[in-house]
Amino acid sequence: MLRRTAHRISICAFAGGLLAAAELCGCSPTVAERGNLPDPDKVAAIRPGATTKDEVVKILGTPSSISVFNDKSWYYISRRTEQLAFFDPDVLDQQVYVVNFDDRGVVKAVDHKNLNDGREITPAPGATPAPGRELTFLEQIIGNVGRFNKAATGGSAGDPTTQTGRPYEPGDPNKR
């Protein structure tokens with residue numbers, strides 16, 4: 001009897017150990033780093049009023065993003081996130097260098113932003129209304145009466161009497 005009890009205890013301890021190991025492996029967070037974070041020494045080499053766009057590319061590389069409305073602002077973005085299992089990732093750190101250019105393509109200013117400078121944006125609920133008048137179901141049905149018959153559409157694609165949506169006529173340059 002004592003032997004069976006010891007055997008059961010060892011099986012339970014083994015199973016418990018496997019469960020604990022599976023729990024630790026399945027719940028360990030995944031840390032991901034993405035983006036192009038330039039070395040601060042390289043950023044310091046950029047001189048406002050003197051450094052051109054070509055020189056910035058040579059020093060920092062290509063930007064992560066360029067301004068949507070003009071090409072006068074370049075963004076070098078880096079983000080480190082942590083994700084646990086299937087949950088949404090949490091942003092641990094974010095660094096953004098913004099290089100602003102003047103009309104001649106010379107650096108005007110270099111700004112640095114971090115996670116504390118960001119703001120949470122909540123999208124407006126609902127859908128964007130489309131311009132025009134909304135038709136009721138009955139207006140849609142009545143408006144489509146007569147639109148789908150053969151005479152109104154000029155024939156179908158498989159109809160040998162039509163070439164380009166109109167009846168075939170002898171001497172037609174578009175004939176088959």
# chains A, B, ... in the order shown; residues from 1 in each chain; ligands from 1
call {"tool": "residues_around", "arguments": {"residues": "range 89-94 of chain A", "least_positions_apart": "3", "cutoff": "6 Å", "atoms": "only C-alpha atoms", "output": "ChimeraX atom specification"}}
result
/A:78-83,114-115
call {"tool": "select_by_dssp", "arguments": {"residues": "range 106-137 of chain A", "states": "strand (DSSP E)", "output": "JSON, numbers by chain"}}
result
{"A": [107, 108, 109, 110, 111, 112, 113, 114]}
call {"tool": "write_last_selection", "arguments": {"atoms": "all heavy atoms", "output": "short mmCIF file (atom, residue, chain, number, x, y, z; two decimals), in the first residue's frame"}}
result
data_model
loop_
_atom_site.label_atom_id
_atom_site.label_comp_id
_atom_site.auth_asym_id
_atom_site.auth_seq_id
_atom_site.Cartn_x
_atom_site.Cartn_y
_atom_site.Cartn_z
N VAL A 107 18.95 70.74 -44.23
CA VAL A 107 18.35 70.49 -42.92
C VAL A 107 18.03 71.80 -42.22
O VAL A 107 18.88 72.69 -42.10
CB VAL A 107 19.30 69.62 -42.05
CG1 VAL A 107 18.74 69.48 -40.64
CG2 VAL A 107 19.50 68.27 -42.68
N LYS A 108 16.79 71.91 -41.78
CA LYS A 108 16.34 73.09 -41.04
C LYS A 108 16.43 72.82 -39.53
O LYS A 108 16.86 73.67 -38.77
CB LYS A 108 14.91 73.43 -41.45
CG LYS A 108 14.40 74.72 -40.89
CD LYS A 108 13.12 75.23 -41.54
CE LYS A 108 12.04 74.20 -41.71
NZ LYS A 108 10.76 74.75 -42.16
N ALA A 109 16.02 71.60 -39.13
CA ALA A 109 16.05 71.24 -37.70
C ALA A 109 15.97 69.72 -37.55
O ALA A 109 15.47 69.02 -38.44
CB ALA A 109 14.88 71.89 -36.97
N VAL A 110 16.48 69.24 -36.42
CA VAL A 110 16.38 67.82 -36.07
C VAL A 110 15.71 67.75 -34.71
O VAL A 110 16.18 68.35 -33.73
CB VAL A 110 17.77 67.15 -36.01
CG1 VAL A 110 17.62 65.69 -35.59
CG2 VAL A 110 18.48 67.26 -37.34
N ASP A 111 14.58 67.05 -34.64
CA ASP A 111 13.83 66.90 -33.39
C ASP A 111 13.89 65.45 -32.93
O ASP A 111 13.98 64.53 -33.75
CB ASP A 111 12.37 67.30 -33.57
CG ASP A 111 12.20 68.78 -33.91
OD1 ASP A 111 13.00 69.58 -33.41
OD2 ASP A 111 11.29 69.10 -34.69
N HIS A 112 13.80 65.26 -31.63
CA HIS A 112 13.77 63.91 -31.05
C HIS A 112 12.51 63.78 -30.20
O HIS A 112 12.24 64.63 -29.36
CB HIS A 112 15.01 63.66 -30.19
CG HIS A 112 14.98 62.33 -29.53
ND1 HIS A 112 14.78 62.17 -28.18
CD2 HIS A 112 15.13 61.08 -30.04
CE1 HIS A 112 14.81 60.89 -27.89
NE2 HIS A 112 15.02 60.21 -28.99
N LYS A 113 11.74 62.74 -30.45
CA LYS A 113 10.52 62.47 -29.69
C LYS A 113 10.65 61.07 -29.10
O LYS A 113 11.26 60.18 -29.69
CB LYS A 113 9.28 62.52 -30.60
CG LYS A 113 9.12 63.78 -31.39
CD LYS A 113 8.71 64.93 -30.54
CE LYS A 113 8.48 66.17 -31.39
NZ LYS A 113 8.24 67.33 -30.60
N ASN A 114 10.02 60.87 -27.92
CA ASN A 114 10.00 59.54 -27.33
C ASN A 114 8.58 59.15 -26.97
O ASN A 114 7.63 59.86 -27.32
CB ASN A 114 10.95 59.46 -26.13
CG ASN A 114 10.57 60.42 -25.02
OD1 ASN A 114 9.40 60.80 -24.89
ND2 ASN A 114 11.54 60.82 -24.23
#
call {"tool": "atom_distance", "arguments": {"atom1": "CA of Asp117 in chain A", "atom2": "CA of Tyr75 in chain A"}}
result
14.7 Å
call {"tool": "atom_distance", "arguments": {"atom1": "CA of Gly61 in chain A", "atom2": "CA of Glu120 in chain A"}}
result
29.1 Å
call {"tool": "atom_distance", "arguments": {"atom1": "CA of Gly35 in chain A", "atom2": "CA of Ser64 in chain A"}}
result
6.8 Å
call {"tool": "closest_residue", "arguments": {"among": "A:Glu139, A:Glu134, A:Asp41, A:Asp71", "to": "Val99 in chain A", "atoms": "only C-alpha atoms"}}
result
A:Asp71
call {"tool": "select_by_dssp", "arguments": {"residues": "range 3-125 of chain A", "states": "helix (DSSP H, G or I)", "output": "ChimeraX atom specification"}}
result
/A:3-26,40-44,53-60,115-117
call {"tool": "closest_residue", "arguments": {"among": "A:Thr30, A:Thr62, A:Asn100, A:Ser67", "to": "Ile46 in chain A", "atoms": "only C-alpha atoms"}}
result
A:Asn100
